[in-house]
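Below is the file run-v1.cif, which contains mmCIF, C-alpha atoms and all ligand atoms.
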```
data_entry
#
loop_
_atom_site.label_atom_id
_atom_site.label_comp_id
_atom_site.auth_asym_id
_atom_site.auth_seq_id
_atom_site.Cartn_x
_atom_site.Cartn_y
_atom_site.Cartn_z
CA MET H 1 -8.54 29.60 -14.54
CA SER H 2 -7.97 28.86 -10.94
CA GLN H 3 -4.97 26.63 -10.57
CA ILE H 4 -2.39 27.73 -13.07
CA THR H 5 -1.58 30.64 -15.40
CA ILE H 6 -1.48 30.37 -19.19
CA ALA H 7 2.21 31.25 -19.28
CA SER H 8 3.19 28.56 -16.82
CA LEU H 9 0.93 26.04 -18.56
CA GLN H 10 2.64 26.82 -21.84
CA GLY H 11 6.07 26.37 -20.28
CA ARG H 12 5.08 23.06 -18.74
CA ILE H 13 3.64 21.70 -21.96
CA GLU H 14 6.79 22.72 -23.82
CA ALA H 15 8.97 21.02 -21.22
CA VAL H 16 6.95 17.81 -21.50
CA ARG H 17 7.17 17.91 -25.30
CA GLU H 18 10.93 18.32 -25.06
CA SER H 19 11.25 15.38 -22.68
CA VAL H 20 9.13 13.25 -25.00
CA GLU H 21 11.36 14.20 -27.91
CA PHE H 22 14.54 13.54 -25.96
CA ALA H 23 13.40 10.09 -24.81
CA ALA H 24 12.17 9.12 -28.28
CA ASP H 25 15.39 10.34 -29.87
CA HIS H 26 17.40 8.36 -27.40
CA VAL H 27 16.05 5.08 -28.75
CA GLY H 28 15.67 6.12 -32.37
CA ARG H 29 11.93 6.63 -32.26
CA SER H 30 10.04 9.62 -33.55
CA ALA H 31 8.33 11.92 -31.03
CA SER H 32 5.39 12.04 -33.43
CA ASP H 33 4.74 8.37 -32.60
CA VAL H 34 4.08 9.31 -28.98
CA THR H 35 0.74 10.88 -28.07
CA ILE H 36 0.58 13.03 -24.97
CA VAL H 37 -2.64 12.40 -23.08
CA ALA H 38 -3.09 15.34 -20.71
CA VAL H 39 -4.57 13.95 -17.51
CA SER H 40 -6.92 16.73 -16.51
CA LYS H 41 -8.52 15.04 -13.48
CA THR H 42 -7.25 17.70 -11.06
CA VAL H 43 -8.22 20.78 -13.09
CA ASP H 44 -11.37 22.53 -14.22
CA ARG H 45 -12.91 22.80 -17.67
CA GLU H 46 -11.38 26.23 -18.24
CA THR H 47 -7.87 24.91 -17.67
CA MET H 48 -8.58 22.05 -20.07
CA GLN H 49 -9.59 24.62 -22.65
CA ALA H 50 -6.37 26.53 -22.09
CA ALA H 51 -4.39 23.33 -22.67
CA TYR H 52 -6.42 22.72 -25.82
CA ASP H 53 -5.68 26.25 -27.00
CA LEU H 54 -1.99 25.50 -26.43
CA GLY H 55 -2.24 22.55 -28.80
CA LEU H 56 -3.17 19.49 -26.73
CA ARG H 57 -5.86 17.28 -28.25
CA HIS H 58 -5.94 14.21 -25.98
CA PHE H 59 -7.28 14.39 -22.44
CA GLY H 60 -7.57 11.74 -19.76
CA GLU H 61 -10.07 11.61 -16.91
CA ASN H 62 -10.32 8.88 -14.31
CA ARG H 63 -13.86 9.33 -13.06
CA VAL H 64 -17.05 9.27 -15.05
CA GLN H 65 -18.87 11.54 -12.60
CA ASP H 66 -16.22 14.27 -12.82
CA ALA H 67 -16.15 14.01 -16.60
CA ARG H 68 -19.93 14.36 -16.78
CA ARG H 69 -19.77 17.54 -14.79
CA LYS H 70 -16.86 19.06 -16.69
CA LEU H 71 -18.08 18.03 -20.12
CA ALA H 72 -21.47 19.60 -19.59
CA GLU H 73 -19.70 22.04 -21.83
CA PRO H 74 -18.14 19.56 -24.30
CA MET H 75 -14.56 19.86 -25.47
CA PRO H 76 -14.05 20.80 -29.15
CA VAL H 77 -14.88 17.96 -31.54
CA ASP H 78 -11.26 17.33 -32.51
CA CYS H 79 -10.46 16.32 -28.92
CA THR H 80 -10.15 12.70 -27.91
CA MET H 81 -11.25 11.94 -24.38
CA HIS H 82 -9.65 8.90 -22.72
CA LEU H 83 -11.17 7.17 -19.71
CA ILE H 84 -8.17 6.01 -17.68
CA GLY H 85 -9.80 5.12 -14.36
CA GLN H 86 -11.69 2.14 -13.11
CA LEU H 87 -15.12 1.88 -14.68
CA GLN H 88 -18.12 0.47 -12.86
CA THR H 89 -20.31 -1.55 -15.16
CA ASN H 90 -23.36 0.55 -14.29
CA LYS H 91 -21.57 3.71 -15.52
CA ALA H 92 -20.58 2.25 -18.89
CA ASN H 93 -23.63 3.89 -20.39
CA TYR H 94 -22.37 7.39 -19.53
CA ALA H 95 -18.77 6.51 -20.30
CA VAL H 96 -19.57 5.60 -23.89
CA ASP H 97 -21.15 9.00 -24.43
CA LEU H 98 -18.31 10.96 -22.84
CA PHE H 99 -15.19 9.14 -23.96
CA GLN H 100 -13.79 8.18 -27.34
CA VAL H 101 -11.36 5.65 -25.85
CA ILE H 102 -11.84 3.43 -22.80
CA GLU H 103 -8.35 2.52 -21.55
CA SER H 104 -9.42 0.63 -18.47
CA VAL H 105 -11.19 -2.49 -19.67
CA ASP H 106 -10.11 -5.11 -17.15
CA ARG H 107 -12.86 -7.76 -16.95
CA PRO H 108 -15.30 -9.69 -19.11
CA SER H 109 -18.45 -8.22 -17.56
CA LEU H 110 -17.27 -4.70 -18.39
CA ALA H 111 -16.35 -5.63 -21.96
CA GLU H 112 -19.79 -7.18 -22.36
CA GLU H 113 -21.56 -4.05 -21.16
CA LEU H 114 -19.41 -1.76 -23.33
CA GLU H 115 -20.20 -3.94 -26.34
CA LYS H 116 -23.89 -3.57 -25.58
CA GLN H 117 -23.69 0.21 -25.20
CA ALA H 118 -21.59 0.63 -28.34
CA ALA H 119 -23.96 -1.59 -30.33
CA ARG H 120 -26.91 0.45 -29.18
CA ARG H 121 -25.23 3.56 -30.60
CA GLY H 122 -24.08 1.87 -33.77
CA ILE H 123 -20.43 2.73 -33.13
CA ARG H 124 -17.20 0.78 -32.91
CA LEU H 125 -15.61 1.85 -29.63
CA PRO H 126 -11.82 1.93 -29.28
CA VAL H 127 -10.70 0.18 -26.09
CA LEU H 128 -7.50 -0.86 -24.34
CA VAL H 129 -7.10 -3.71 -21.90
CA GLN H 130 -5.61 -2.52 -18.63
CA VAL H 131 -3.05 -4.95 -17.30
CA ASN H 132 -1.84 -5.19 -13.73
CA VAL H 133 1.65 -6.15 -14.82
CA ALA H 134 3.28 -5.85 -11.43
CA GLY H 135 0.50 -7.77 -9.70
CA GLU H 136 -0.08 -5.03 -7.13
CA GLU H 137 -2.98 -6.06 -4.98
CA GLN H 138 -4.68 -2.68 -4.63
CA LYS H 139 -4.43 -1.88 -8.34
CA ALA H 140 -7.00 -2.36 -11.06
CA GLY H 141 -6.21 -4.25 -14.20
CA CYS H 142 -6.40 -7.72 -15.58
CA ALA H 143 -3.74 -10.16 -14.37
CA PRO H 144 -1.41 -11.13 -17.22
CA GLU H 145 -2.39 -14.79 -16.80
CA ASP H 146 -6.08 -13.91 -17.28
CA ILE H 147 -5.67 -11.75 -20.34
CA ASP H 148 -6.21 -14.24 -23.19
CA PRO H 149 -9.91 -14.92 -22.64
CA LEU H 150 -10.59 -11.20 -22.15
CA VAL H 151 -8.72 -10.27 -25.32
CA ASN H 152 -10.55 -12.99 -27.26
CA GLN H 153 -13.89 -11.78 -26.00
CA ILE H 154 -13.13 -8.22 -27.11
CA ILE H 155 -11.84 -9.34 -30.50
CA TRP H 156 -15.14 -11.14 -31.07
CA SER H 157 -17.17 -8.14 -29.92
CA GLU H 158 -18.36 -6.51 -33.09
CA HIS H 159 -18.66 -3.02 -31.63
CA LEU H 160 -15.37 -2.95 -29.71
CA ASP H 161 -12.11 -2.05 -31.41
CA LEU H 162 -9.20 -3.43 -29.39
CA ARG H 163 -6.32 -1.02 -29.93
CA GLY H 164 -3.76 -2.29 -27.41
CA LEU H 165 -2.82 -2.38 -23.75
CA MET H 166 -2.53 0.02 -20.83
CA THR H 167 -0.73 -0.24 -17.52
CA ILE H 168 0.02 1.81 -14.44
CA ALA H 169 3.48 1.12 -13.07
CA PRO H 170 4.10 0.98 -9.33
CA LEU H 171 5.20 4.23 -7.75
CA VAL H 172 8.96 4.13 -7.22
CA ASP H 173 11.70 6.68 -6.55
CA ASP H 174 13.79 5.68 -9.52
CA ALA H 175 11.86 5.19 -12.77
CA GLU H 176 14.52 2.72 -13.91
CA ASP H 177 13.02 0.30 -11.39
CA VAL H 178 9.80 0.06 -13.41
CA ARG H 179 11.45 -0.42 -16.80
CA PRO H 180 10.76 -4.19 -16.60
CA VAL H 181 7.04 -3.45 -16.10
CA PHE H 182 6.89 -1.45 -19.33
CA ARG H 183 8.96 -4.03 -21.13
CA ARG H 184 6.63 -6.81 -20.00
CA LEU H 185 3.59 -4.92 -21.27
CA ARG H 186 5.24 -4.55 -24.67
CA GLU H 187 6.18 -8.24 -24.76
CA LEU H 188 2.65 -9.19 -23.77
CA ARG H 189 1.30 -7.00 -26.59
CA ASP H 190 3.75 -8.58 -29.06
CA ARG H 191 2.67 -12.06 -28.01
CA LEU H 192 -1.07 -11.23 -28.26
CA GLN H 193 -0.45 -9.67 -31.62
CA SER H 194 1.22 -12.72 -33.06
CA ASP H 195 -1.31 -15.09 -31.47
CA SER H 196 -4.28 -13.18 -32.87
CA GLY H 197 -2.82 -11.93 -36.12
CA LEU H 198 -4.31 -8.53 -35.31
CA GLU H 199 -2.49 -5.24 -34.98
CA LEU H 200 -2.49 -3.90 -31.43
CA PRO H 201 -0.57 -0.68 -31.97
CA VAL H 202 -1.26 1.14 -28.70
CA LEU H 203 0.82 0.90 -25.54
CA SER H 204 -0.49 3.41 -22.99
CA MET H 205 2.18 3.52 -20.32
CA GLY H 206 4.16 6.18 -18.48
CA MET H 207 3.06 9.05 -16.24
CA THR H 208 4.84 12.14 -14.89
CA ASN H 209 7.35 10.12 -12.86
CA ASP H 210 8.31 7.56 -15.43
CA PHE H 211 7.27 8.53 -18.95
CA PRO H 212 10.76 8.85 -20.47
CA VAL H 213 11.51 5.25 -19.51
CA ALA H 214 8.11 4.15 -20.85
CA ILE H 215 8.85 5.85 -24.18
CA GLU H 216 12.20 4.08 -24.36
CA GLU H 217 10.28 0.82 -23.89
CA GLY H 218 7.77 1.57 -26.64
CA ALA H 219 4.96 3.68 -25.16
CA THR H 220 2.73 5.17 -27.85
CA HIS H 221 0.61 7.07 -25.31
CA VAL H 222 1.89 8.72 -22.16
CA ARG H 223 -0.61 9.93 -19.59
CA ILE H 224 0.71 13.10 -18.03
CA GLY H 225 -1.02 14.92 -15.17
CA ARG H 226 1.23 16.72 -12.72
CA ALA H 227 3.98 17.67 -15.18
CA ILE H 228 1.40 19.63 -17.17
CA PHE H 229 -1.11 20.87 -14.63
CA GLY H 230 1.01 21.05 -11.47
C1 LIG B 301 -3.60 10.46 -12.45
C2 LIG B 301 -3.27 9.45 -13.47
C3 LIG B 301 -2.22 9.69 -14.38
C4 LIG B 301 -1.34 10.92 -14.34
O1 LIG B 301 -0.48 10.87 -13.24
P1 LIG B 301 0.64 11.99 -13.03
O2 LIG B 301 1.56 11.37 -12.06
O3 LIG B 301 -0.09 13.19 -12.49
O4 LIG B 301 1.25 12.28 -14.35
C5 LIG B 301 -1.98 8.72 -15.35
N1 LIG B 301 -2.70 7.58 -15.43
C6 LIG B 301 -3.71 7.32 -14.56
C7 LIG B 301 -4.47 6.05 -14.69
C8 LIG B 301 -4.01 8.24 -13.56
O5 LIG B 301 -5.02 7.98 -12.70
#
```
Mind turning this structure into structure tokens?
Amino acid sequence: MSQITIASLQGRIEAVRESVEFAADHVGRSASDVTIVAVSKTVDRETMQAAYDLGLRHFGENRVQDARRKLAEPMPVDCTMHLIGQLQTNKANYAVDLFQVIESVDRPSLAEELEKQAARRGIRLPVLVQVNVAGEEQKAGCAPEDIDPLVNQIIWSEHLDLRGLMTIAPLVDDAEDVRPVFRRLRELRDRLQSDSGLELPVLSMGMTNDFPVAIEEGATHVRIGRAIFG
């Protein structure tokens, strides 16, 4: 394990768990309603295994190529792998084999290809729609004003299981500044839920810098890289 020792990894995971609990407590939520997705994009397979051995079961990777290389030795079957980075349509084929959740569905052509790949395998693939809430130009994600047709398309895709929404907040010094971004994602989810009559339970929002605020605003999944892996 190159980057980090087991003891320090254990301490970091414990600290993150405590922060999750504290933030959930603060707003009367249960920490068990918040899933920690360990973003392992900067570490090797061995370090992922160590994190697994310390109790983590959800891992996030942002590049299909890296995941292919690392998962040449697959993670244990009770792991859930989340794709959290931009997905090129021509890599959807690999992505569907490597990941159990695709969090970064942001356009109709990608949803269409994922539907095709999932159908071919006879599975129903859990997906999230990534939303560019803050409208940052360089960031991936569907614009809030474009989301309805995309959501409808996914709902009508037999082999896609729309679970909810994901967003990446802008990088700021004070996490309080991005509270409105998280709140808007939750409101958008609430609106889509009542329009469609479907349950969209997942809100994947919050990273190392801002996850306590995201939990206060309703995050069910926080994607934590640096706080766990350094
Ligand atoms: C890298 C990454 C994270 C984790 O970021 P940290 O600041 O290291 O916690 C979360 N979400 C996405 C989409 C990422 O690319």
With all atoms listed in the file counted, collect every polymer residue having an atom within 12 Å of ligand LIG 301 (chain B); state the result as a VMD selection string.
chain H and resid 16 36 to 43 59 to 63 82 to 87 102 to 105 130 to 132 139 to 141 166 to 172 204 to 212 221 to 230
Can you tell me which residues surround Ser157 (chain H) at a distance of at most 10 Å, considering only C-alpha atoms, apart from same-chain residues fewer than 5 positions away, and format the answer as an MDAnalysis selection string?
chainID H and resid 111:112 114:116 118:119 124 151:152 162
Coordinates-based distance that separates CA of Val181 (chain H) from CA of Val133 (chain H) (Å, one decimal)
6.2 Å
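Pairwise distance (CA of Arg107 (chain H), CA of Met81 (chain H)) equals 21.1 Å.
You will find CA of Arg186 (chain H) at 11.1 Å from CA of Glu216 (chain H).
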